[in-house]
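Student: Please find data_21.txt (compact mmCIF, C-alpha atoms) on the next line:
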```txt
# COMPACT_ATOMS: atom_id res chain seq x y z
CA MET A 1 4.05 20.01 -8.74
CA ILE A 2 3.85 16.50 -10.15
CA THR A 3 6.52 15.32 -12.55
CA SER A 4 5.61 13.20 -15.54
CA ARG A 5 6.95 10.01 -13.98
CA LEU A 6 5.07 10.68 -10.74
CA GLY A 7 1.94 11.35 -12.74
CA ALA A 8 2.43 7.98 -14.40
CA ALA A 9 2.79 6.36 -11.01
CA LEU A 10 -0.40 8.06 -9.79
CA ALA A 11 -2.16 6.82 -12.90
CA LEU A 12 -0.81 3.31 -12.25
CA ILE A 13 -2.32 3.21 -8.79
CA ALA A 14 -5.63 4.68 -9.95
CA ALA A 15 -5.86 2.35 -12.94
CA ALA A 16 -5.00 -0.67 -10.84
CA ALA A 17 -7.75 0.05 -8.30
CA PRO A 18 -10.47 -2.13 -9.92
CA ILE A 19 -7.97 -4.96 -10.37
CA ALA A 20 -6.89 -4.82 -6.74
CA CYS A 21 -10.47 -4.81 -5.52
CA ALA A 22 -11.39 -7.70 -7.78
CA THR A 23 -8.43 -9.69 -6.49
CA ALA A 24 -9.45 -9.12 -2.88
CA ASP A 25 -13.04 -10.06 -3.63
CA ALA A 26 -11.99 -13.19 -5.49
CA SER A 27 -10.02 -14.36 -2.47
CA GLY A 28 -13.01 -13.90 -0.20
CA ASP A 29 -11.83 -10.58 1.27
CA HIS A 30 -14.26 -7.74 1.78
CA VAL A 31 -13.74 -4.48 -0.06
CA ASN A 32 -14.81 -1.27 1.68
CA PRO A 33 -17.71 0.07 -0.46
CA GLU A 34 -17.95 3.50 1.16
CA VAL A 35 -17.14 6.61 -0.81
CA PRO A 36 -14.06 8.13 0.90
CA LEU A 37 -14.08 11.68 2.24
CA TRP A 38 -11.35 12.58 -0.25
CA TYR A 39 -12.93 10.99 -3.33
CA HIS A 40 -13.99 14.20 -5.10
CA ARG A 41 -10.88 16.17 -4.16
CA PRO A 42 -8.75 17.20 -7.17
CA THR A 43 -4.97 17.17 -7.08
CA GLY A 44 -3.25 20.12 -5.54
CA ALA A 45 -3.82 19.07 -1.93
CA MET A 46 -0.10 19.17 -1.03
CA GLU A 47 1.57 22.55 -0.59
CA VAL A 48 5.31 22.96 0.13
CA PHE A 49 6.27 25.51 2.79
CA VAL A 50 9.82 24.26 3.63
CA HIS A 51 12.42 23.36 1.01
CA ARG A 52 16.10 23.32 1.97
CA GLN A 53 19.19 21.17 1.55
CA LEU A 54 19.94 19.63 4.92
CA THR A 55 22.43 16.81 4.42
CA ALA A 56 26.03 17.80 3.72
CA ASN A 57 26.78 15.61 0.70
CA SER A 58 30.52 15.91 1.30
CA GLN A 59 30.06 13.99 4.55
CA THR A 60 27.99 11.06 3.28
CA PHE A 61 29.66 7.72 2.60
CA GLY A 62 28.16 4.57 1.12
CA GLU A 63 24.52 5.42 1.85
CA ASP A 64 22.11 5.88 -1.06
CA TYR A 65 19.02 6.62 1.03
CA GLU A 66 17.88 8.85 3.84
CA ARG A 67 15.84 6.57 6.09
CA GLY A 68 14.40 6.77 9.57
CA ARG A 69 11.91 9.45 10.52
CA GLY A 70 11.80 12.77 12.34
CA ALA A 71 10.19 13.66 15.68
CA ILE A 72 8.18 16.82 16.37
CA ASP A 73 8.13 18.92 19.54
CA HIS A 74 5.01 20.90 18.61
CA LYS A 75 4.93 23.01 21.79
CA ASN A 76 8.35 24.54 21.12
CA GLY A 77 8.22 24.37 17.33
CA ARG A 78 11.14 21.96 16.95
CA LEU A 79 11.83 19.12 14.56
CA PHE A 80 14.48 16.49 15.38
CA MET A 81 15.95 14.46 12.53
CA GLY A 82 19.01 12.35 11.71
CA SER A 83 20.97 12.33 8.45
CA ALA A 84 23.35 10.22 6.39
CA ASP A 85 26.01 12.91 6.94
CA HIS A 86 26.50 11.50 10.49
CA GLY A 87 24.61 14.43 11.98
CA PHE A 88 21.54 14.73 14.17
CA TYR A 89 19.65 18.00 13.75
CA ALA A 90 17.26 20.21 15.70
CA LEU A 91 15.31 22.41 13.27
CA ARG A 92 12.55 25.02 13.48
CA THR A 93 9.23 23.67 12.24
CA GLY A 94 8.21 27.04 10.77
CA ASP A 95 10.96 27.36 8.16
CA GLY A 96 13.29 24.37 8.62
CA SER A 97 16.20 26.50 9.82
CA SER A 98 18.84 24.89 12.04
CA ILE A 99 18.94 25.27 15.82
CA TRP A 100 21.85 22.90 16.48
CA ARG A 101 23.61 19.86 15.02
CA PHE A 102 25.13 16.90 16.89
CA GLU A 103 27.89 14.85 15.21
CA THR A 104 28.09 11.03 15.57
CA LEU A 105 30.56 8.47 14.23
CA GLY A 106 28.07 6.95 11.78
CA VAL A 107 25.02 7.72 9.68
CA VAL A 108 21.91 8.50 11.70
CA GLN A 109 18.91 6.66 10.24
CA CYS A 110 17.02 6.23 13.51
CA GLU A 111 13.66 7.76 14.39
CA PRO A 112 14.35 9.75 17.56
CA LEU A 113 12.32 9.71 20.75
CA TYR A 114 11.54 13.11 22.29
CA ASP A 115 10.94 13.04 26.04
CA GLU A 116 8.81 16.14 26.62
CA ALA A 117 8.81 15.78 30.42
CA HIS A 118 12.61 16.10 30.64
CA ASP A 119 13.30 17.91 27.33
CA VAL A 120 15.65 15.13 26.19
CA VAL A 121 16.04 13.41 22.82
CA PHE A 122 17.09 9.75 22.51
CA PHE A 123 18.34 8.35 19.19
CA GLY A 124 20.67 5.76 17.72
CA SER A 125 23.40 5.77 15.09
CA HIS A 126 25.04 3.29 12.76
CA ASP A 127 28.13 3.70 14.93
CA GLY A 128 26.39 1.26 17.30
CA ALA A 129 25.59 3.76 20.04
CA VAL A 130 22.47 5.16 21.68
CA TYR A 131 22.61 8.86 22.54
CA ALA A 132 20.73 11.04 25.01
CA VAL A 133 21.11 14.76 24.26
CA ARG A 134 19.55 17.88 25.74
CA ALA A 135 16.87 19.14 23.36
CA LEU A 136 17.60 22.78 24.20
CA ASP A 137 21.16 22.88 22.88
CA GLY A 138 22.19 19.35 21.81
CA ALA A 139 24.53 18.83 24.79
CA LEU A 140 25.45 15.15 25.30
CA LEU A 141 23.97 13.63 28.48
CA TRP A 142 25.13 10.05 27.94
CA ARG A 143 26.18 7.56 25.25
CA PHE A 144 25.77 3.77 25.40
CA THR A 145 27.52 1.44 22.94
CA THR A 146 25.53 -1.60 21.79
CA GLY A 147 28.01 -2.99 19.23
CA ALA A 148 25.72 -2.86 16.20
CA GLU A 149 23.76 -0.24 14.28
CA VAL A 150 20.76 1.32 16.02
CA SER A 151 18.14 2.45 13.51
CA ARG A 152 14.79 1.70 15.17
CA LYS A 153 13.05 4.16 17.47
CA PRO A 154 13.81 3.80 21.20
CA VAL A 155 10.86 3.38 23.55
CA LEU A 156 10.58 5.08 26.94
CA ARG A 157 8.49 3.68 29.78
CA GLY A 158 8.99 5.14 33.23
CA ASP A 159 12.71 5.37 33.93
CA ILE A 160 13.75 2.80 31.31
CA VAL A 161 14.68 3.33 27.67
CA TYR A 162 14.28 0.21 25.49
CA VAL A 163 16.39 0.01 22.36
CA ALA A 164 17.23 -2.68 19.79
CA ASN A 165 20.19 -3.03 17.44
CA GLY A 166 20.96 -4.82 14.18
CA ALA A 167 22.50 -7.83 15.98
CA ASP A 168 19.21 -9.07 17.44
CA GLN A 169 19.89 -7.54 20.86
CA LEU A 170 17.31 -5.80 23.03
CA TYR A 171 18.57 -3.46 25.77
CA ALA A 172 16.88 -1.83 28.75
CA LEU A 173 18.80 1.31 29.79
CA ASP A 174 18.42 3.72 32.67
CA ARG A 175 16.84 6.91 31.35
CA THR A 176 19.01 9.24 33.43
CA THR A 177 22.43 7.56 33.32
CA GLY A 178 22.31 5.26 30.29
CA LYS A 179 23.47 2.30 32.39
CA GLN A 180 22.29 -1.14 31.32
CA ARG A 181 19.43 -2.65 33.33
CA TRP A 182 19.20 -5.86 31.30
CA VAL A 183 19.82 -7.25 27.81
CA VAL A 184 18.32 -10.04 25.72
CA LYS A 185 20.50 -11.60 23.01
CA ARG A 186 19.63 -14.11 20.33
CA THR A 187 21.94 -15.61 17.73
CA PRO A 188 21.17 -13.99 14.35
CA ALA A 189 19.71 -16.25 11.68
CA LEU A 190 22.05 -18.12 9.37
CA GLY A 191 21.64 -17.50 5.66
CA MET A 192 20.11 -14.59 3.76
CA GLU A 193 18.32 -11.74 5.53
CA VAL A 194 16.35 -8.78 4.30
CA SER A 195 17.80 -5.40 5.21
CA GLY A 196 16.29 -3.97 8.39
CA TYR A 197 15.07 -5.27 11.71
CA ALA A 198 12.32 -4.77 14.28
CA GLY A 199 12.15 -2.32 17.14
CA PRO A 200 10.71 -2.90 20.63
CA ALA A 201 7.10 -2.27 21.64
CA VAL A 202 6.03 -1.85 25.28
CA ASP A 203 2.55 -2.62 26.56
CA GLY A 204 1.80 -2.66 30.26
CA ASP A 205 4.57 -4.59 32.00
CA SER A 206 5.72 -6.44 28.87
CA VAL A 207 8.16 -5.67 26.05
CA PHE A 208 7.54 -7.32 22.68
CA PHE A 209 10.32 -7.87 20.17
CA ALA A 210 10.92 -9.80 16.92
CA PHE A 211 14.11 -11.38 15.58
CA SER A 212 15.78 -12.03 12.23
CA ASP A 213 15.36 -15.80 12.66
CA GLY A 214 11.58 -15.41 12.55
CA HIS A 215 10.79 -15.55 16.27
CA VAL A 216 8.56 -13.16 18.23
CA ALA A 217 8.95 -12.92 22.00
CA SER A 218 7.61 -11.19 25.10
CA TYR A 219 9.75 -10.12 28.06
CA GLY A 220 9.14 -8.58 31.47
CA ALA A 221 9.65 -4.83 31.20
CA LEU A 222 11.54 -4.58 34.51
CA ASP A 223 13.66 -7.75 34.48
CA GLY A 224 13.79 -8.98 30.87
CA GLN A 225 12.46 -12.41 31.82
CA GLU A 226 10.75 -14.38 29.07
CA ARG A 227 6.95 -14.20 29.35
CA TRP A 228 6.05 -16.87 26.81
CA THR A 229 7.89 -19.28 24.54
CA PRO A 230 9.00 -17.36 21.43
CA VAL A 231 6.66 -17.90 18.48
CA ASP A 232 8.40 -19.14 15.32
CA LEU A 233 6.76 -17.37 12.38
CA SER A 234 9.16 -19.03 9.93
CA ALA A 235 7.66 -22.39 10.94
CA GLU A 236 4.19 -20.89 10.43
CA ALA A 237 5.24 -19.82 6.93
CA GLU A 238 6.63 -23.25 6.10
CA GLU A 239 3.43 -24.90 7.30
CA SER A 240 1.22 -22.64 5.16
CA THR A 241 3.34 -22.79 1.97
CA GLY A 242 4.89 -26.26 2.28
CA ASP A 243 8.39 -24.87 1.63
CA ALA A 244 11.05 -23.55 3.96
CA PRO A 245 11.08 -19.74 3.57
CA ARG A 246 14.14 -18.20 1.97
CA TYR A 247 13.95 -15.17 4.25
CA LEU A 248 13.13 -15.77 7.90
CA ASP A 249 13.09 -12.14 9.02
CA VAL A 250 10.45 -10.49 11.16
CA ASP A 251 11.45 -6.87 10.54
CA THR A 252 8.27 -5.14 11.67
CA THR A 253 8.12 -3.45 15.05
CA PRO A 254 5.16 -5.09 16.84
CA VAL A 255 1.90 -3.14 16.98
CA ILE A 256 -0.23 -3.62 20.11
CA ASP A 257 -4.00 -3.14 20.16
CA THR A 258 -7.23 -4.78 21.33
CA ILE A 259 -9.23 -7.02 19.04
CA ALA A 260 -12.95 -6.54 19.55
CA PRO A 261 -15.35 -9.51 19.54
CA LEU A 262 -16.25 -10.81 16.09
CA PRO A 263 -19.86 -10.80 14.90
CA ALA A 264 -21.65 -14.12 14.83
CA GLY A 265 -20.58 -16.37 11.96
CA ALA A 266 -17.41 -14.40 11.17
CA SER A 267 -14.09 -16.13 10.58
CA SER A 268 -10.51 -15.00 10.24
CA ALA A 269 -8.50 -14.70 7.02
CA ASN A 270 -7.12 -18.23 7.40
CA GLY A 271 -10.45 -19.74 8.42
CA SER A 272 -9.51 -20.27 12.07
CA ALA A 273 -12.02 -20.02 14.91
CA PRO A 274 -13.11 -16.44 15.62
CA VAL A 275 -12.15 -14.59 18.78
CA ASN A 276 -15.32 -13.79 20.72
CA VAL A 277 -13.90 -11.74 23.60
CA PRO A 278 -11.83 -8.52 23.59
CA THR A 279 -8.19 -9.61 23.35
CA ARG A 280 -5.00 -7.62 23.77
CA THR A 281 -3.17 -8.45 20.56
CA VAL A 282 0.34 -8.24 19.08
CA PHE A 283 0.44 -7.66 15.32
CA VAL A 284 3.65 -8.67 13.51
CA ALA A 285 4.72 -9.63 9.98
CA GLY A 286 7.19 -12.22 8.76
CA TYR A 287 8.78 -11.27 5.46
CA ALA A 288 7.91 -14.58 3.78
CA GLY A 289 4.93 -15.70 5.85
CA GLY A 290 2.62 -12.68 5.94
CA VAL A 291 0.92 -10.78 8.75
CA TYR A 292 -0.07 -12.38 12.06
CA ALA A 293 -2.08 -11.51 15.15
CA LEU A 294 -0.88 -13.09 18.42
CA ASP A 295 -2.47 -13.13 21.86
CA ALA A 296 -0.37 -10.73 23.95
CA GLN A 297 -0.71 -12.87 27.08
CA SER A 298 0.20 -16.27 25.64
CA GLY A 299 1.62 -15.79 22.14
CA THR A 300 -1.16 -17.95 20.67
CA ARG A 301 -1.88 -17.19 17.03
CA LEU A 302 -5.28 -15.56 16.53
CA TRP A 303 -5.12 -15.19 12.75
CA GLY A 304 -2.69 -15.02 9.85
CA ASN A 305 -2.81 -13.53 6.36
CA ASP A 306 -0.27 -15.31 4.15
CA LYS A 307 -1.02 -13.16 1.09
CA ALA A 308 0.47 -9.96 2.54
CA ILE A 309 4.11 -10.96 2.05
CA GLY A 310 7.24 -8.82 2.10
CA VAL A 311 5.83 -6.50 4.78
CA THR A 312 8.37 -4.23 6.46
CA ASP A 313 6.11 -1.83 8.41
CA LEU A 314 2.80 -2.09 10.24
CA VAL A 315 0.65 0.87 11.35
CA MET A 316 -2.76 0.92 13.01
CA TRP A 317 -5.07 3.51 11.43
CA TYR A 318 -8.06 4.99 13.25
CA GLU A 319 -10.77 7.36 12.15
CA PRO A 320 -13.53 8.52 14.49
CA ALA A 321 -17.16 8.56 13.47
CA HIS A 322 -18.28 11.51 11.33
CA LEU A 323 -21.64 12.94 12.35
CA PRO A 324 -23.57 15.22 9.95
CA ASN A 325 -23.62 18.84 11.09
CA PRO A 326 -27.30 19.82 11.57
CA ASN A 327 -26.41 23.42 10.68
CA GLY A 328 -24.01 22.60 7.86
CA PRO A 329 -24.40 21.76 4.16
CA ASP A 330 -24.40 18.02 4.95
CA ARG A 331 -27.36 18.17 7.35
CA GLY A 332 -29.49 15.12 7.00
CA GLY A 333 -26.58 13.18 5.48
CA PRO A 334 -25.57 9.70 6.64
CA GLU A 335 -23.38 9.10 9.65
CA VAL A 336 -19.98 7.65 8.80
CA PRO A 337 -19.09 5.09 11.50
CA ALA A 338 -15.70 4.92 13.20
CA GLN A 339 -13.21 2.76 11.34
CA ARG A 340 -9.94 1.02 12.04
CA ALA A 341 -7.47 -0.83 9.82
CA LEU A 342 -4.05 -2.42 10.13
CA LEU A 343 -1.92 -0.94 7.33
CA ALA A 344 0.92 -3.09 6.01
CA SER A 345 3.65 -1.74 3.70
CA SER A 346 5.36 -4.08 1.26
CA ALA A 347 7.49 -3.42 -1.80
CA VAL A 348 6.60 -6.97 -2.91
CA SER A 349 2.82 -7.18 -2.54
CA GLY A 350 1.79 -3.52 -2.15
CA LEU A 351 0.07 -1.44 0.49
CA TRP A 352 -2.58 -3.37 2.41
CA ALA A 353 -5.41 -2.41 4.73
CA LEU A 354 -6.38 -5.40 6.88
CA ASP A 355 -9.27 -5.88 9.26
CA PRO A 356 -7.45 -6.14 12.62
CA THR A 357 -10.17 -8.44 13.97
CA THR A 358 -10.02 -11.07 11.22
CA GLY A 359 -6.95 -10.32 9.07
CA ARG A 360 -9.07 -10.09 5.92
CA ALA A 361 -8.04 -7.54 3.30
CA LEU A 362 -10.18 -4.40 3.19
CA TRP A 363 -8.21 -3.15 0.17
CA ARG A 364 -4.81 -3.53 -1.46
CA ARG A 365 -2.92 -1.24 -3.79
CA PRO A 366 0.15 -2.05 -5.87
CA VAL A 367 3.09 0.30 -5.44
CA PRO A 368 5.48 1.73 -8.04
CA GLU A 369 8.78 -0.04 -8.55
CA GLY A 370 11.06 0.29 -5.52
CA GLY A 371 10.49 0.43 -1.78
CA ILE A 372 7.67 2.01 0.21
CA THR A 373 7.59 3.64 3.63
CA ALA A 374 5.13 3.20 6.45
CA PRO A 375 1.96 5.26 5.85
CA VAL A 376 1.37 8.29 8.09
CA GLN A 377 -2.08 9.57 9.03
CA ILE A 378 -2.56 13.27 8.27
CA ALA A 379 -5.63 15.45 7.72
CA GLY A 380 -7.89 12.43 7.22
CA ALA A 381 -5.59 10.94 4.58
CA LEU A 382 -2.43 8.79 4.40
CA LEU A 383 0.99 10.08 3.39
CA VAL A 384 3.45 7.48 2.10
CA GLY A 385 6.88 7.75 0.49
CA THR A 386 8.34 5.65 -2.32
CA THR A 387 12.05 5.30 -2.99
CA ARG A 388 11.75 6.16 -6.71
CA TYR A 389 8.53 8.09 -7.29
CA GLY A 390 8.19 10.58 -4.48
CA LEU A 391 5.41 11.08 -1.94
CA PHE A 392 1.77 10.05 -2.32
CA LEU A 393 -1.30 11.26 -0.49
CA LEU A 394 -3.80 8.38 -0.39
CA SER A 395 -7.36 7.89 0.77
CA PRO A 396 -7.49 5.51 3.76
CA ARG A 397 -10.94 4.37 2.65
CA ASN A 398 -9.74 2.59 -0.48
CA GLY A 399 -6.09 3.49 -1.09
CA ARG A 400 -6.80 5.72 -4.09
CA ALA A 401 -4.20 8.39 -4.90
CA ILE A 402 -5.20 11.97 -4.10
CA ASP A 403 -2.02 13.85 -4.90
CA GLY A 404 1.72 13.38 -5.31
CA PHE A 405 5.00 15.22 -4.96
CA ASP A 406 8.43 14.34 -6.38
CA LEU A 407 11.89 15.88 -6.38
CA GLY A 408 13.39 13.24 -8.67
CA SER A 409 15.34 11.49 -5.92
CA GLY A 410 12.59 9.59 -4.11
CA PHE A 411 11.79 9.26 -0.40
CA ALA A 412 12.90 6.31 1.73
CA GLN A 413 12.34 8.24 4.95
CA THR A 414 8.95 7.91 6.61
CA PRO A 415 7.24 11.32 6.97
CA VAL A 416 6.42 12.70 10.41
CA ALA A 417 3.18 14.67 10.81
CA TYR A 418 1.38 16.86 13.29
CA GLY A 419 -1.98 18.41 12.49
CA ASP A 420 -2.06 19.13 8.75
CA ARG A 421 1.73 19.52 8.37
CA ALA A 422 4.34 16.89 7.57
CA TYR A 423 8.12 16.84 7.30
CA VAL A 424 10.34 14.44 5.38
CA MET A 425 13.83 14.34 3.87
CA SER A 426 14.45 13.12 0.32
CA ASN A 427 17.13 10.61 -0.59
CA ALA A 428 19.20 13.54 -1.84
CA GLY A 429 19.11 15.14 1.63
CA THR A 430 16.48 17.82 0.88
CA LEU A 431 14.18 18.67 3.78
CA ILE A 432 10.56 19.17 2.72
CA GLY A 433 7.73 20.63 4.80
CA LEU A 434 4.25 19.94 3.43
CA GLN A 435 0.86 21.31 4.37
CA ILE A 436 -2.19 19.28 3.41
CA ILE A 437 -5.16 21.32 2.19
CA SER A 438 -8.13 19.16 3.12
CA PRO A 439 -11.63 19.40 1.60
CA LYS A 440 -13.89 22.08 3.02
```
Hey, can you dump this file as structure tokens for me?
Tutor:
Amino acid sequence: MITSRLGAALALIAAAAPIACATADASGDHVNPEVPLWYHRPTGAMEVFVHRQLTANSQTFGEDYERGRGAIDHKNGRLFMGSADHGFYALRTGDGSSIWRFETLGVVQCEPLYDEAHDVVFFGSHDGAVYAVRALDGALLWRFTTGAEVSRKPVLRGDIVYVANGADQLYALDRTTGKQRWVVKRTPALGMEVSGYAGPAVDGDSVFFAFSDGHVASYGALDGQERWTPVDLSAEAEESTGDAPRYLDVDTTPVIDTIAPLPAGASSANGSAPVNVPTRTVFVAGYAGGVYALDAQSGTRLWGNDKAIGVTDLVMWYEPAHLPNPNGPDRGGPEVPAQRALLASSAVSGLWALDPTTGRALWRRPVPEGGITAPVQIAGALLVGTTRYGLFLLSPRNGRAIDGFDLGSGFAQTPVAYGDRAYVMSNAGTLIGLQIISPK
């Protein structure tokens, strides 16, 4: 069910593929030459099994988009999702029917955190508060006021919930009571900012966070003490471009992973010395400066890609090795090695797949006019929403469009997926459940 305008957008991405590859090659970036698993799949891979109006339009005020993301409790068949109608919903994954609804004092555009061990859901609202509610019936357990909108996903580690707000404040809260353990505050940047902000990321005994003035920092998870001097990505951008950036923001929630040793003779995207030992790495993106990899222990820059500008979301994509089945139709076929890519979403420069070891572009695809969500891995493909042209199913091998779905209102909310099913709400407040029919 592809509308004419979505079909045009699909054609745009497909037609632009050779151009994008040529651009990457011309800049010295490597283009993945492998034929993707989805390459010969015709359209029709996306089937709708849930379609219902969720948001009460009479209760929405001044919000043109449904943002955030849902959370899935697959064991109990529940989907948790916020809405611009000030409500937070628990829904049945089978048919999208309502279990309960919790009312807040502001729009709820925050990805919730489901704590399976205690059957509790944590989420934030534009009313400035963080909520903990019982997943069974939506009963309020505690509420903590931060003073500014909370729209990024909370993070739970042990007995501490970490949450950030739109005023560049990072809080550590007691999981059971909601009482504050510690808080880090930084004066917001002066001048123009891009809408949105980063969320916290926890790795080991450290919490990583980014600010609207372009700084990235590391703090002790238990005490909030600074681990290394905050890295100024706005200064990095000014050094690489020669001009002071108009937008200083680092709006991407840090992604933590390990960079493997580089092969002999390899170099990073900016020509810096290669890393030759496994390194725990923090990946972040400055709106004007591009994507960076920082050493998690010291904050030292490992590489930077200044071409991937305007990035608002980072996601690490993995795919295990595919071995030919000796008893199947592909017996004797080649082994497809395991692959990994750092995916960067930008309404300015497109959707990127970067080599996490070097920062070099594996592929890049332009996006239709408007914003783009973070890509979600599902059934061996990527599902991404666009604010004006619906949902796209893309091949992670080269970014080619497989299929598309549009209701006419666009999708600013990032889909949530489990197995071969995904759930997302349109900008008009329509809940959609999709099943991906993968190649046999």
Student: Out of A:Ser426, A:Thr300, A:Ser98, A:Thr176, which residue has the shortest atom-to-atom distance to His118 (chain A) when counting all atoms listed in the file?
Tutor: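 For His118 (chain A), the nearest of the given residues is A:Thr176.
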Student: Need the shell around Arg280 (chain A): protein/DNA/RNA residues with any atom at most 9 Å away, counting all atoms listed in the file. Skip same-chain ones fewer than 3 positions apart. Format as a PyMOL selection string?
Tutor: chain A and resi 256-259+294-297
Student: Rank A:Leu173, A:Val150, A:Val216, A:Val277 by their smallest atom-to-atom distance to Val250 (chain A), using all atoms listed in the file, and report the top residue only.
Tutor: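 Checking each candidate against Val250 (chain A), we get A:Val216 as the closest.
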Student: Can you work out the spacing between CA of Trp303 (chain A) and CA of Pro254 (chain A) in Å, to one decimal?
Tutor: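 CA of Pro254 (chain A) lies at a distance of 15.0 Å from CA of Trp303 (chain A).
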Student: So which residues fall inside 7 Å of (7.9, -12.9, 9.7) if we count only C-alpha atoms? Mind giving them as number ranges by chain?
Tutor: A: 214, 233-234, 248-250, 285-290
Student: For the atom pair CA of Ala308 (chain A) and CA of Trp363 (chain A), what is the interatomic distance in Å to one decimal place?
Tutor: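 Distance reported for this atom pair: 11.3 Å.
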